[in-house]
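The next block is target.pdb, given as PDB, C-alpha atoms.
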```
ATOM      1  CA  MET S 208     121.415  75.864  80.871
ATOM      2  CA  LYS S 209     118.443  77.654  82.410
ATOM      3  CA  VAL S 210     117.577  81.196  81.395
ATOM      4  CA  TRP S 211     114.727  83.654  81.689
ATOM      5  CA  GLU S 212     113.826  85.320  78.419
ATOM      6  CA  ILE S 213     111.317  87.612  76.789
ATOM      7  CA  LYS S 214     110.066  84.923  74.443
ATOM      8  CA  SER S 215     107.743  86.019  71.655
ATOM      9  CA  GLY S 216     106.189  89.255  72.849
ATOM     10  CA  PHE S 217     106.681  92.012  75.362
ATOM     11  CA  GLY S 218     105.185  92.217  78.834
ATOM     12  CA  ILE S 219     105.918  90.596  82.190
ATOM     13  CA  GLU S 220     103.454  87.843  81.258
ATOM     14  CA  ASN S 221     105.785  86.919  78.357
ATOM     15  CA  LEU S 222     108.851  86.626  80.601
ATOM     16  CA  VAL S 223     109.359  82.863  80.763
ATOM     17  CA  LYS S 224     111.839  80.190  81.798
ATOM     18  CA  ALA S 225     113.674  78.520  78.948
ATOM     19  CA  GLU S 226     116.552  76.172  78.189
ATOM     20  CA  ARG S 227     119.532  77.025  76.016
ATOM     21  CA  PRO S 228     122.573  74.903  75.125
ATOM     22  CA  ASP S 229     125.253  74.725  77.804
ATOM     23  CA  PRO S 230     128.382  76.663  76.834
ATOM     24  CA  GLU S 231     131.387  74.411  76.233
ATOM     25  CA  PRO S 232     134.607  75.581  77.908
ATOM     26  CA  ALA S 233     136.688  73.814  75.272
ATOM     27  CA  LYS S 234     135.156  76.005  72.577
ATOM     28  CA  LEU S 235     135.957  79.359  74.205
ATOM     29  CA  SER S 236     137.790  81.819  71.987
ATOM     30  CA  PRO S 237     141.314  82.718  73.189
ATOM     31  CA  ARG S 238     140.204  85.799  75.163
ATOM     32  CA  GLN S 239     136.765  84.675  76.266
ATOM     33  CA  VAL S 240     135.684  83.961  79.843
ATOM     34  CA  LEU S 241     132.866  81.647  80.922
ATOM     35  CA  VAL S 242     131.062  82.960  84.010
ATOM     36  CA  ARG S 243     128.575  81.122  86.207
ATOM     37  CA  MET S 244     126.093  83.875  87.007
ATOM     38  CA  THR S 245     124.792  84.065  90.582
ATOM     39  CA  ALA S 246     122.813  87.317  90.904
ATOM     40  CA  THR S 247     121.309  90.230  89.049
ATOM     41  CA  SER S 248     119.602  93.461  90.045
ATOM     42  CA  LEU S 249     116.698  95.225  88.375
ATOM     43  CA  ASN S 250     116.868  98.664  86.810
ATOM     44  CA  TYR S 251     113.990 100.675  85.402
ATOM     45  CA  ARG S 252     115.656 100.157  82.022
ATOM     46  CA  ASP S 253     115.163  96.404  82.448
ATOM     47  CA  PHE S 254     111.469  96.902  83.164
ATOM     48  CA  LEU S 255     111.057  99.124  80.093
ATOM     49  CA  MET S 256     112.886  96.537  77.985
ATOM     50  CA  VAL S 257     110.584  93.750  79.174
ATOM     51  CA  MET S 258     107.535  95.915  78.467
ATOM     52  CA  GLY S 259     108.738  96.821  74.952
ATOM     53  CA  GLN S 260     108.902 100.510  75.825
ATOM     54  CA  TYR S 261     112.680 100.888  75.733
ATOM     55  CA  ASN S 262     113.123  99.513  72.225
ATOM     56  CA  PRO S 263     109.926  98.275  70.573
ATOM     57  CA  ARG S 264     112.061  96.841  67.749
ATOM     58  CA  GLN S 265     114.268  94.778  70.048
ATOM     59  CA  LYS S 266     114.794  91.338  68.542
ATOM     60  CA  LEU S 267     113.376  88.460  70.562
ATOM     61  CA  PRO S 268     113.948  86.171  72.337
ATOM     62  CA  LEU S 269     116.092  88.242  74.719
ATOM     63  CA  ILE S 270     117.597  87.422  78.098
ATOM     64  CA  PRO S 271     116.957  90.589  80.154
ATOM     65  CA  CYS S 272     118.852  92.381  82.953
ATOM     66  CA  SER S 273     121.874  94.613  82.456
ATOM     67  CA  ASP S 274     123.478  94.034  85.874
ATOM     68  CA  GLY S 275     125.003  90.833  87.131
ATOM     69  CA  ALA S 276     127.566  89.050  89.253
ATOM     70  CA  GLY S 277     129.168  85.658  89.035
ATOM     71  CA  VAL S 278     132.187  83.388  89.302
ATOM     72  CA  VAL S 279     134.673  82.501  86.556
ATOM     73  CA  GLU S 280     134.259  78.868  85.453
ATOM     74  CA  ALA S 281     136.735  78.695  82.574
ATOM     75  CA  VAL S 282     138.989  80.969  80.498
ATOM     76  CA  GLY S 283     140.371  80.983  76.966
ATOM     77  CA  ASN S 284     144.036  80.146  76.475
ATOM     78  CA  GLU S 285     145.106  83.802  76.040
ATOM     79  CA  VAL S 286     143.153  85.319  78.955
ATOM     80  CA  GLN S 287     145.446  87.166  81.343
ATOM     81  CA  LEU S 288     143.058  89.029  83.635
ATOM     82  CA  TRP S 289     141.088  86.131  85.130
ATOM     83  CA  LYS S 290     141.345  82.602  86.470
ATOM     84  CA  LYS S 291     138.820  79.992  87.539
ATOM     85  CA  GLY S 292     137.139  80.973  90.808
ATOM     86  CA  ASP S 293     137.476  84.765  90.441
ATOM     87  CA  ARG S 294     134.385  86.744  91.440
ATOM     88  CA  VAL S 295     133.474  89.166  88.679
ATOM     89  CA  LEU S 296     130.942  91.766  87.527
ATOM     90  CA  PRO S 297     130.077  92.287  83.834
ATOM     91  CA  ILE S 298     130.278  95.843  82.534
ATOM     92  CA  PHE S 299     127.113  97.351  81.058
ATOM     93  CA  ALA S 300     128.435  98.261  77.582
ATOM     94  CA  GLN S 301     130.774  95.394  76.808
ATOM     95  CA  THR S 302     133.023  97.244  74.360
ATOM     96  CA  TRP S 303     133.156 100.642  76.121
ATOM     97  CA  LEU S 304     136.471 100.388  77.918
ATOM     98  CA  ASN S 305     137.414 104.036  78.519
ATOM     99  CA  GLY S 306     136.936 107.621  77.376
ATOM    100  CA  VAL S 307     133.952 108.888  75.420
ATOM    101  CA  PRO S 308     131.957 106.053  73.834
ATOM    102  CA  ALA S 309     131.438 105.633  70.128
ATOM    103  CA  ILE S 310     127.981 104.735  68.851
ATOM    104  CA  ASP S 311     129.023 101.108  68.375
ATOM    105  CA  HIS S 312     130.072 100.882  72.036
ATOM    106  CA  LEU S 313     126.525 101.744  73.079
ATOM    107  CA  LYS S 314     125.225  98.888  70.931
ATOM    108  CA  SER S 315     127.023  96.339  73.113
ATOM    109  CA  THR S 316     124.859  96.833  76.203
ATOM    110  CA  LEU S 317     123.695  93.831  78.191
ATOM    111  CA  GLY S 318     119.983  93.188  78.584
ATOM    112  CA  GLY S 319     119.322  94.664  75.152
ATOM    113  CA  PRO S 320     120.376  94.563  72.425
ATOM    114  CA  ALA S 321     122.789  91.880  73.745
ATOM    115  CA  ASP S 322     121.536  89.068  75.991
ATOM    116  CA  GLY S 323     121.725  90.001  79.653
ATOM    117  CA  CYS S 324     122.507  88.401  82.981
ATOM    118  CA  LEU S 325     119.347  86.459  83.888
ATOM    119  CA  THR S 326     121.011  83.178  82.955
ATOM    120  CA  GLU S 327     122.966  80.366  84.592
ATOM    121  CA  TYR S 328     126.022  80.940  82.408
ATOM    122  CA  GLN S 329     127.293  83.710  80.155
ATOM    123  CA  ILE S 330     130.388  84.194  78.022
ATOM    124  CA  PHE S 331     132.236  87.518  78.046
ATOM    125  CA  ASP S 332     135.381  88.973  76.564
ATOM    126  CA  GLU S 333     137.988  89.239  79.315
ATOM    127  CA  ASN S 334     137.765  93.061  79.126
ATOM    128  CA  GLY S 335     134.004  92.920  79.662
ATOM    129  CA  LEU S 336     134.441  92.132  83.363
ATOM    130  CA  VAL S 337     135.744  93.827  86.517
ATOM    131  CA  PRO S 338     136.532  92.312  89.949
ATOM    132  CA  THR S 339     133.779  92.189  92.555
ATOM    133  CA  PRO S 340     134.750  94.347  95.566
ATOM    134  CA  LYS S 341     135.999  91.914  98.187
ATOM    135  CA  HIS S 342     133.724  93.084 101.015
ATOM    136  CA  LEU S 343     130.529  92.704  98.977
ATOM    137  CA  THR S 344     128.310  89.694  98.391
ATOM    138  CA  ASP S 345     127.469  88.790  94.803
ATOM    139  CA  ALA S 346     123.978  90.258  95.259
ATOM    140  CA  GLU S 347     125.471  93.548  96.455
ATOM    141  CA  GLY S 348     128.005  93.557  93.622
ATOM    142  CA  ALA S 349     125.223  92.982  91.095
ATOM    143  CA  THR S 350     123.817  96.439  91.899
ATOM    144  CA  LEU S 351     126.889  98.344  90.747
ATOM    145  CA  ALA S 352     127.233  98.188  86.955
ATOM    146  CA  CYS S 353     124.283 100.452  86.105
ATOM    147  CA  ALA S 354     122.766 102.202  89.124
ATOM    148  CA  GLY S 355     126.005 102.448  91.069
ATOM    149  CA  LEU S 356     128.133 103.653  88.175
ATOM    150  CA  THR S 357     125.498 106.082  86.913
ATOM    151  CA  ALA S 358     125.307 107.685  90.350
ATOM    152  CA  TYR S 359     129.099 107.714  90.704
ATOM    153  CA  ASN S 360     129.613 109.534  87.426
ATOM    154  CA  ALA S 361     126.776 111.967  88.145
ATOM    155  CA  VAL S 362     128.170 112.871  91.555
ATOM    156  CA  VAL S 363     131.926 112.341  91.379
ATOM    157  CA  THR S 364     132.927 112.666  87.712
ATOM    158  CA  TYR S 365     130.561 115.431  86.592
ATOM    159  CA  GLY S 366     129.145 116.869  89.825
ATOM    160  CA  GLU S 367     132.008 119.342  90.426
ATOM    161  CA  LEU S 368     131.395 119.035  94.153
ATOM    162  CA  ILE S 369     133.476 120.411  96.987
ATOM    163  CA  PRO S 370     132.901 119.740 100.690
ATOM    164  CA  GLY S 371     129.814 121.654 101.723
ATOM    165  CA  SER S 372     128.146 121.524  98.294
ATOM    166  CA  THR S 373     124.429 120.772  98.246
ATOM    167  CA  VAL S 374     123.081 117.789  96.307
ATOM    168  CA  VAL S 375     119.404 117.002  95.728
ATOM    169  CA  THR S 376     118.411 113.411  94.955
ATOM    170  CA  LEU S 377     114.928 112.880  93.561
ATOM    171  CA  GLY S 378     113.303 109.758  94.944
ATOM    172  CA  THR S 379     114.828 106.801  96.762
ATOM    173  CA  GLY S 380     115.413 104.242  94.028
ATOM    174  CA  GLY S 381     118.736 102.615  93.235
ATOM    175  CA  VAL S 382     120.486 105.530  91.506
ATOM    176  CA  SER S 383     119.232 108.105  94.003
ATOM    177  CA  ILE S 384     120.363 106.124  97.048
ATOM    178  CA  PHE S 385     123.780 105.477  95.510
ATOM    179  CA  ALA S 386     124.003 109.214  94.761
ATOM    180  CA  LEU S 387     123.220 109.976  98.397
ATOM    181  CA  GLN S 388     125.993 107.641  99.528
ATOM    182  CA  PHE S 389     128.601 108.990  97.087
ATOM    183  CA  ALA S 390     127.673 112.614  97.830
ATOM    184  CA  LYS S 391     128.206 112.047 101.551
ATOM    185  CA  LEU S 392     131.626 110.542 100.810
ATOM    186  CA  CYS S 393     132.421 113.830  99.016
ATOM    187  CA  GLY S 394     131.422 115.846 102.088
ATOM    188  CA  ALA S 395     128.260 117.214 100.505
ATOM    189  CA  ARG S 396     124.987 118.193 102.114
ATOM    190  CA  VAL S 397     122.167 116.065 100.688
ATOM    191  CA  ILE S 398     118.467 116.823 100.338
ATOM    192  CA  VAL S 399     116.250 113.856  99.444
ATOM    193  CA  THR S 400     112.736 113.974  98.013
ATOM    194  CA  SER S 401     110.209 111.167  98.319
ATOM    195  CA  SER S 402     106.473 110.533  98.485
ATOM    196  CA  SER S 403     106.994 108.541 101.702
ATOM    197  CA  ASP S 404     107.926 109.863 105.136
ATOM    198  CA  GLU S 405     109.107 106.351 106.008
ATOM    199  CA  LYS S 406     111.569 106.387 103.115
ATOM    200  CA  LEU S 407     112.751 109.877 104.074
ATOM    201  CA  ALA S 408     113.481 108.569 107.565
ATOM    202  CA  LYS S 409     115.538 105.729 106.074
ATOM    203  CA  ALA S 410     117.411 108.218 103.892
ATOM    204  CA  LYS S 411     118.312 110.270 106.968
ATOM    205  CA  GLN S 412     119.700 107.119 108.581
ATOM    206  CA  LEU S 413     122.035 106.894 105.561
ATOM    207  CA  GLY S 414     123.161 110.487 106.091
ATOM    208  CA  ALA S 415     120.606 112.660 104.279
ATOM    209  CA  ASP S 416     120.517 116.122 105.847
ATOM    210  CA  GLU S 417     117.000 117.096 104.785
ATOM    211  CA  GLY S 418     113.940 115.249 103.490
ATOM    212  CA  ILE S 419     111.037 116.677 101.498
ATOM    213  CA  ASN S 420     107.792 114.807 100.917
ATOM    214  CA  TYR S 421     106.787 115.941  97.434
ATOM    215  CA  LYS S 422     103.211 114.748  97.891
ATOM    216  CA  SER S 423     102.532 116.952 100.891
ATOM    217  CA  LYS S 424     104.815 119.724  99.611
ATOM    218  CA  THR S 425     103.964 119.876  95.934
ATOM    219  CA  ASN S 426     106.042 123.029  95.439
ATOM    220  CA  TRP S 427     109.133 121.216  96.656
ATOM    221  CA  GLU S 428     111.417 123.456  94.622
ATOM    222  CA  ARG S 429     110.538 126.263  97.041
ATOM    223  CA  ASP S 430     111.592 124.126  99.989
ATOM    224  CA  ILE S 431     114.913 123.397  98.330
ATOM    225  CA  ARG S 432     115.423 127.136  97.886
ATOM    226  CA  LYS S 433     114.644 127.669 101.564
ATOM    227  CA  HIS S 434     117.085 124.942 102.591
ATOM    228  CA  THR S 435     119.814 126.583 100.501
ATOM    229  CA  LYS S 436     119.290 130.194 101.659
ATOM    230  CA  MET S 437     117.456 130.907  98.375
ATOM    231  CA  ILE S 438     120.588 130.144  96.339
ATOM    232  CA  GLY S 439     119.685 126.711  94.977
ATOM    233  CA  ALA S 440     121.454 123.348  94.991
ATOM    234  CA  ASP S 441     124.806 122.723  93.320
ATOM    235  CA  LEU S 442     123.731 119.380  91.819
ATOM    236  CA  ILE S 443     120.338 117.794  91.134
ATOM    237  CA  ILE S 444     120.105 114.034  90.558
ATOM    238  CA  GLU S 445     117.198 114.151  88.109
ATOM    239  CA  VAL S 446     115.559 110.754  87.656
ATOM    240  CA  GLY S 447     112.021 111.962  86.953
ATOM    241  CA  GLY S 448     112.614 113.359  83.489
ATOM    242  CA  ALA S 449     110.153 115.671  81.791
ATOM    243  CA  GLY S 450     107.686 115.560  84.653
ATOM    244  CA  THR S 451     110.121 116.939  87.238
ATOM    245  CA  LEU S 452     112.758 118.761  85.172
ATOM    246  CA  PRO S 453     111.027 122.194  85.348
ATOM    247  CA  LYS S 454     111.066 122.021  89.156
ATOM    248  CA  SER S 455     114.688 120.871  89.127
ATOM    249  CA  MET S 456     115.554 123.898  86.997
ATOM    250  CA  MET S 457     113.986 126.086  89.672
ATOM    251  CA  SER S 458     115.910 124.237  92.392
ATOM    252  CA  VAL S 459     119.454 124.456  91.012
ATOM    253  CA  ARG S 460     121.744 127.421  91.631
ATOM    254  CA  PRO S 461     123.049 129.615  88.797
ATOM    255  CA  PHE S 462     125.763 127.697  86.927
ATOM    256  CA  GLY S 463     124.848 124.546  88.835
ATOM    257  CA  THR S 464     124.382 121.087  87.301
ATOM    258  CA  ILE S 465     121.366 118.899  86.641
ATOM    259  CA  ALA S 466     122.409 115.279  86.084
ATOM    260  CA  LEU S 467     119.653 113.946  83.827
ATOM    261  CA  ILE S 468     119.392 110.214  84.391
ATOM    262  CA  GLY S 469     115.848 108.856  84.248
ATOM    263  CA  VAL S 470     112.395 109.395  82.789
ATOM    264  CA  LEU S 471     110.227 107.990  85.580
ATOM    265  CA  ALA S 472     107.831 110.945  85.263
ATOM    266  CA  GLY S 473     107.882 111.116  81.467
ATOM    267  CA  GLY S 474     110.292 111.615  78.589
ATOM    268  CA  GLU S 475     108.703 114.414  76.594
ATOM    269  CA  SER S 476     107.279 117.848  77.427
ATOM    270  CA  GLN S 477     107.305 121.484  76.461
ATOM    271  CA  LEU S 478     110.118 123.107  78.390
ATOM    272  CA  SER S 479     111.179 126.708  78.848
ATOM    273  CA  LEU S 480     114.870 127.131  78.103
ATOM    274  CA  TYR S 481     115.123 130.536  79.783
ATOM    275  CA  PRO S 482     116.345 129.227  83.175
ATOM    276  CA  ILE S 483     119.133 127.294  81.439
ATOM    277  CA  LEU S 484     120.112 130.208  79.241
ATOM    278  CA  MET S 485     119.805 133.048  81.745
ATOM    279  CA  GLN S 486     121.422 131.226  84.683
ATOM    280  CA  GLY S 487     124.064 129.145  82.932
ATOM    281  CA  VAL S 488     122.615 125.859  84.192
ATOM    282  CA  LYS S 489     124.334 122.725  82.914
ATOM    283  CA  VAL S 490     122.060 119.794  82.018
ATOM    284  CA  LYS S 491     124.234 116.684  81.689
ATOM    285  CA  GLY S 492     122.849 113.401  80.404
ATOM    286  CA  ILE S 493     124.469 110.474  82.225
ATOM    287  CA  ILE S 494     124.923 107.211  80.283
ATOM    288  CA  VAL S 495     126.288 104.854  82.969
ATOM    289  CA  GLY S 496     130.070 104.727  82.328
ATOM    290  CA  SER S 497     133.057 102.887  80.902
ATOM    291  CA  ARG S 498     135.044  99.952  82.244
ATOM    292  CA  ALA S 499     137.696 102.393  83.498
ATOM    293  CA  ASP S 500     135.005 104.348  85.357
ATOM    294  CA  PHE S 501     133.740 101.090  86.883
ATOM    295  CA  VAL S 502     137.219 100.198  88.147
ATOM    296  CA  ASN S 503     137.681 103.675  89.641
ATOM    297  CA  MET S 504     134.308 103.504  91.390
ATOM    298  CA  ASN S 505     135.021 100.068  92.825
ATOM    299  CA  GLN S 506     138.329 101.278  94.240
ATOM    300  CA  SER S 507     136.424 104.006  96.089
ATOM    301  CA  ILE S 508     133.764 101.536  97.236
ATOM    302  CA  GLU S 509     136.421  99.177  98.590
ATOM    303  CA  TYR S 510     138.384 101.929 100.321
ATOM    304  CA  HIS S 511     135.300 103.315 102.085
ATOM    305  CA  LYS S 512     133.703  99.869 102.587
ATOM    306  CA  LEU S 513     130.506 101.270 101.067
ATOM    307  CA  LYS S 514     127.589  98.816 101.100
ATOM    308  CA  PRO S 515     124.815  99.028  98.491
ATOM    309  CA  VAL S 516     121.285  99.272  99.864
ATOM    310  CA  ILE S 517     119.167  96.263  98.897
ATOM    311  CA  ASP S 518     115.444  96.589  99.474
ATOM    312  CA  LYS S 519     114.390  93.034  98.662
ATOM    313  CA  SER S 520     115.843  89.854  97.199
ATOM    314  CA  PHE S 521     113.892  87.396  95.027
ATOM    315  CA  SER S 522     114.673  83.812  94.013
ATOM    316  CA  TRP S 523     115.227  82.406  90.515
ATOM    317  CA  ASP S 524     111.667  81.143  90.401
ATOM    318  CA  SER S 525     110.211  84.544  91.362
ATOM    319  CA  VAL S 526     111.503  86.708  88.507
ATOM    320  CA  PRO S 527     108.053  87.943  87.340
ATOM    321  CA  GLU S 528     107.223  88.871  90.933
ATOM    322  CA  ALA S 529     110.476  90.840  91.154
ATOM    323  CA  PHE S 530     109.539  92.857  88.070
ATOM    324  CA  GLN S 531     106.051  93.461  89.444
ATOM    325  CA  TYR S 532     107.589  94.674  92.696
ATOM    326  CA  LEU S 533     109.856  97.078  90.815
ATOM    327  CA  LYS S 534     106.865  98.307  88.826
ATOM    328  CA  GLN S 535     105.034  99.249  92.036
ATOM    329  CA  GLY S 536     107.790 101.721  92.893
ATOM    330  CA  SER S 537     107.695 101.019  96.620
ATOM    331  CA  HIS S 538     111.335  99.920  96.871
ATOM    332  CA  PHE S 539     114.074 101.790  98.736
ATOM    333  CA  GLY S 540     117.400 101.126  97.021
ATOM    334  CA  LYS S 541     117.823  98.067  94.828
ATOM    335  CA  VAL S 542     115.769  94.985  93.980
ATOM    336  CA  VAL S 543     117.878  91.873  93.380
ATOM    337  CA  ILE S 544     117.459  88.286  92.212
ATOM    338  CA  GLU S 545     119.778  85.563  93.522
ATOM    339  CA  TRP S 546     120.228  81.927  92.526
TER     340      TRP S 546
END
```

In structure tokens, how does this file's structure come out?
Amino acid sequence: MKVWEIKSGFGIENLVKAERPDPEPAKLSPRQVLVRMTATSLNYRDFLMVMGQYNPRQKLPLIPCSDGAGVVEAVGNEVQLWKKGDRVLPIFAQTWLNGVPAIDHLKSTLGGPADGCLTEYQIFDENGLVPTPKHLTDAEGATLACAGLTAYNAVVTYGELIPGSTVVTLGTGGVSIFALQFAKLCGARVIVTSSSDEKLAKAKQLGADEGINYKSKTNWERDIRKHTKMIGADLIIEVGGAGTLPKSMMSVRPFGTIALIGVLAGGESQLSLYPILMQGVKVKGIIVGSRADFVNMNQSIEYHKLKPVIDKSFSWDSVPEAFQYLKQGSHFGKVVIEW
């Protein structure tokens, strides 16, 4: 079978096509499922993994990409959840089924340390899959396992929102756009930040109530205060990390929540803890979610007929170009690869 893998060193230049043995349906374990993969989407985590910045000690070769979608080709003789022809989505941490994860659950993540979804075929335990929402294409479904579920848990599970709450999403990448969509489903008011007026206009078409260009308004935390009658936002979707966290702390209301998700603007800095301490601010790290969370999110997505926002789709032969495109940071929503 054909795969893409990080072969013998890190870097997009070392992301190469390769051949691996075809999986044999007759040799499936009783509860294993063979899936013909059809699409994947790119997360910043995937880029960091390819570059060797996520885990410099990651064993190679590695098939990258944590998200995927596909069709069941064969099942083990004790599988009850799936049959040939079912459209499915792999879960990010293959052994994290519900509740709070144990350390070992977080070692079962696709795209590192386990092989990911940039492959023609992959074998999963039957519990490592969920159904693809019926109204979505495989490419759209392939955006859900990481970016979609991270945003869902940040907004719905931990956001403590009520209708009329104010949510701030930093940037317009995959997680931030999903957060905008889920926040609007909750009846929230959403403020979006971006370096592009064009992207802010697109965000408003999706329902954003306010847009702030952080390049022209470098003190964007002041604008958020103004838009919230100097109270601050109830929830900040913080994808910048150390580089933007101080401004997020100035943008959130007392006893509000900062959902800490990404490190696009850096992972380390000196940080004053006084705003957290004196105003009771909650800083919650979001680590995607469990299989049960994934099922709950997909039920909401199906009920509301929510459609993921795909910026651009690449072919199987254009995987390096897809990673380069993600690296540029010009995308709005998700970048996908289909084959």

| message | Please enumerate the residues selected by the PyMOL selection byres ((chain S and resi 451-458) around 7) when evaluated against the supplied file, formatted as a list in words. | response | Glu428, Ile431, Arg432, Gly439, Ala440, Ile443, Gly447, Gly448, Ala449, Gly450, Val459, Arg460, Ala472 and Pro482 of chain S

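Residues matching the PyMOL selection byres ((chain S and resi 538-542) around 6) in this structure come to Ser248, Leu249, Thr379, Gly380, Gly381, Ile384, Val516, Ile517, Asp518, Lys519, Gly536, Ser537 and Val543 of chain S.
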
Give me a file of those residues, with C-alpha atoms, as a short mmCIF file (atom, residue, chain, number, x, y, z; two decimals), keeping the file's coordinate frame.
```cif
data_model
loop_
_atom_site.label_atom_id
_atom_site.label_comp_id
_atom_site.auth_asym_id
_atom_site.auth_seq_id
_atom_site.Cartn_x
_atom_site.Cartn_y
_atom_site.Cartn_z
CA SER S 248 119.60 93.46 90.04
CA LEU S 249 116.70 95.22 88.38
CA THR S 379 114.83 106.80 96.76
CA GLY S 380 115.41 104.24 94.03
CA GLY S 381 118.74 102.62 93.24
CA ILE S 384 120.36 106.12 97.05
CA VAL S 516 121.28 99.27 99.86
CA ILE S 517 119.17 96.26 98.90
CA ASP S 518 115.44 96.59 99.47
CA LYS S 519 114.39 93.03 98.66
CA GLY S 536 107.79 101.72 92.89
CA SER S 537 107.70 101.02 96.62
CA VAL S 543 117.88 91.87 93.38
#
```

| message | Taking 5 positions as the minimum chain separation for residues in the same chain, which residues sit within 8 Å of range 508-513 of chain S when counting only C-alpha atoms? Answer as a list of chain:residue names. | response |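 So the residues in contact are S:Pro340, S:Lys341, S:His342, S:Gln388.
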
For this structure, which residues satisfy the selection - the PyMOL selection byres ((chain S and resi 392) around 12) - when it is evaluated on the file as given? I want them as a PDB file with C-alpha atoms, keeping the file's coordinate frame.
```pdb
ATOM      1  CA  TYR S 359     129.099 107.714  90.704  1.00  0.00           C
ATOM      2  CA  VAL S 362     128.170 112.871  91.555  1.00  0.00           C
ATOM      3  CA  VAL S 363     131.926 112.341  91.379  1.00  0.00           C
ATOM      4  CA  LEU S 368     131.395 119.035  94.153  1.00  0.00           C
ATOM      5  CA  ILE S 369     133.476 120.411  96.987  1.00  0.00           C
ATOM      6  CA  PRO S 370     132.901 119.740 100.690  1.00  0.00           C
ATOM      7  CA  GLY S 371     129.814 121.654 101.723  1.00  0.00           C
ATOM      8  CA  SER S 372     128.146 121.524  98.294  1.00  0.00           C
ATOM      9  CA  PHE S 385     123.780 105.477  95.510  1.00  0.00           C
ATOM     10  CA  ALA S 386     124.003 109.214  94.761  1.00  0.00           C
ATOM     11  CA  LEU S 387     123.220 109.976  98.397  1.00  0.00           C
ATOM     12  CA  GLN S 388     125.993 107.641  99.528  1.00  0.00           C
ATOM     13  CA  PHE S 389     128.601 108.990  97.087  1.00  0.00           C
ATOM     14  CA  ALA S 390     127.673 112.614  97.830  1.00  0.00           C
ATOM     15  CA  LYS S 391     128.206 112.047 101.551  1.00  0.00           C
ATOM     16  CA  CYS S 393     132.421 113.830  99.016  1.00  0.00           C
ATOM     17  CA  GLY S 394     131.422 115.846 102.088  1.00  0.00           C
ATOM     18  CA  ALA S 395     128.260 117.214 100.505  1.00  0.00           C
ATOM     19  CA  ARG S 396     124.987 118.193 102.114  1.00  0.00           C
ATOM     20  CA  VAL S 397     122.167 116.065 100.688  1.00  0.00           C
ATOM     21  CA  LEU S 413     122.035 106.894 105.561  1.00  0.00           C
ATOM     22  CA  GLY S 414     123.161 110.487 106.091  1.00  0.00           C
ATOM     23  CA  ALA S 415     120.606 112.660 104.279  1.00  0.00           C
ATOM     24  CA  SER S 507     136.424 104.006  96.089  1.00  0.00           C
ATOM     25  CA  ILE S 508     133.764 101.536  97.236  1.00  0.00           C
ATOM     26  CA  TYR S 510     138.384 101.929 100.321  1.00  0.00           C
ATOM     27  CA  HIS S 511     135.300 103.315 102.085  1.00  0.00           C
ATOM     28  CA  LYS S 512     133.703  99.869 102.587  1.00  0.00           C
ATOM     29  CA  LEU S 513     130.506 101.270 101.067  1.00  0.00           C
TER      30      LEU S 513
END
```

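Between CA of Val242 in chain S and CA of Val279 in chain S lies a distance of 4.4 Å.
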
Can you report as JSON the centre and edge lengths in Å, to one decimal, of an axis-aligned box around the listed atoms of range 395-404 of chain S padded with 8 Å on each side?
```
{"center_x": 117.4, "center_y": 113.4, "center_z": 101.6, "size_x": 37.8, "size_y": 25.7, "size_z": 23.1}
```

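Neighbourhood of point (129.8, 80.4, 80.6): residues with an atom at most 7 Å away, counting all atoms listed in the file, are S:Pro230, S:Val240, S:Leu241, S:Val242, S:Arg243, S:Glu280, S:Tyr328, S:Gln329, S:Ile330.
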
For C-alpha atoms, I'd like the residues from the last selection saved as a PDB file, in the coordinates of the input.
```pdb
ATOM      1  CA  PRO S 230     128.382  76.663  76.834  1.00  0.00           C
ATOM      2  CA  VAL S 240     135.684  83.961  79.843  1.00  0.00           C
ATOM      3  CA  LEU S 241     132.866  81.647  80.922  1.00  0.00           C
ATOM      4  CA  VAL S 242     131.062  82.960  84.010  1.00  0.00           C
ATOM      5  CA  ARG S 243     128.575  81.122  86.207  1.00  0.00           C
ATOM      6  CA  GLU S 280     134.259  78.868  85.453  1.00  0.00           C
ATOM      7  CA  TYR S 328     126.022  80.940  82.408  1.00  0.00           C
ATOM      8  CA  GLN S 329     127.293  83.710  80.155  1.00  0.00           C
ATOM      9  CA  ILE S 330     130.388  84.194  78.022  1.00  0.00           C
TER      10      ILE S 330
END
```

| query | So, counting all atoms listed in the file, which residue among S:Ile438, S:Asn305, S:Trp289, S:Thr326 is closest to Glu226 in chain S? | reply |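 Smallest separation from Glu226 in chain S among the options: S:Thr326.
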
| task | Kindly give the distance, in Å, that separates CA of Pro527 in chain S and CA of Arg252 in chain S, rounded to a single decimal. | result | 15.3 Å

Can you pull out every residue within 8 Å of Gly277 in chain S, counting all atoms listed in the file, but drop anything in the same chain fewer than 3 positions away, and send it as a tab-separated table (two decimals) with C-alpha atoms, keeping the file's coordinate frame?
```tsv
chain	number	residue	atom	x	y	z
S	242	VAL	CA	131.06	82.96	84.01
S	243	ARG	CA	128.57	81.12	86.21
S	244	MET	CA	126.09	83.88	87.01
S	245	THR	CA	124.79	84.06	90.58
S	246	ALA	CA	122.81	87.32	90.90
S	294	ARG	CA	134.38	86.74	91.44
S	295	VAL	CA	133.47	89.17	88.68
S	296	LEU	CA	130.94	91.77	87.53
S	345	ASP	CA	127.47	88.79	94.80
```
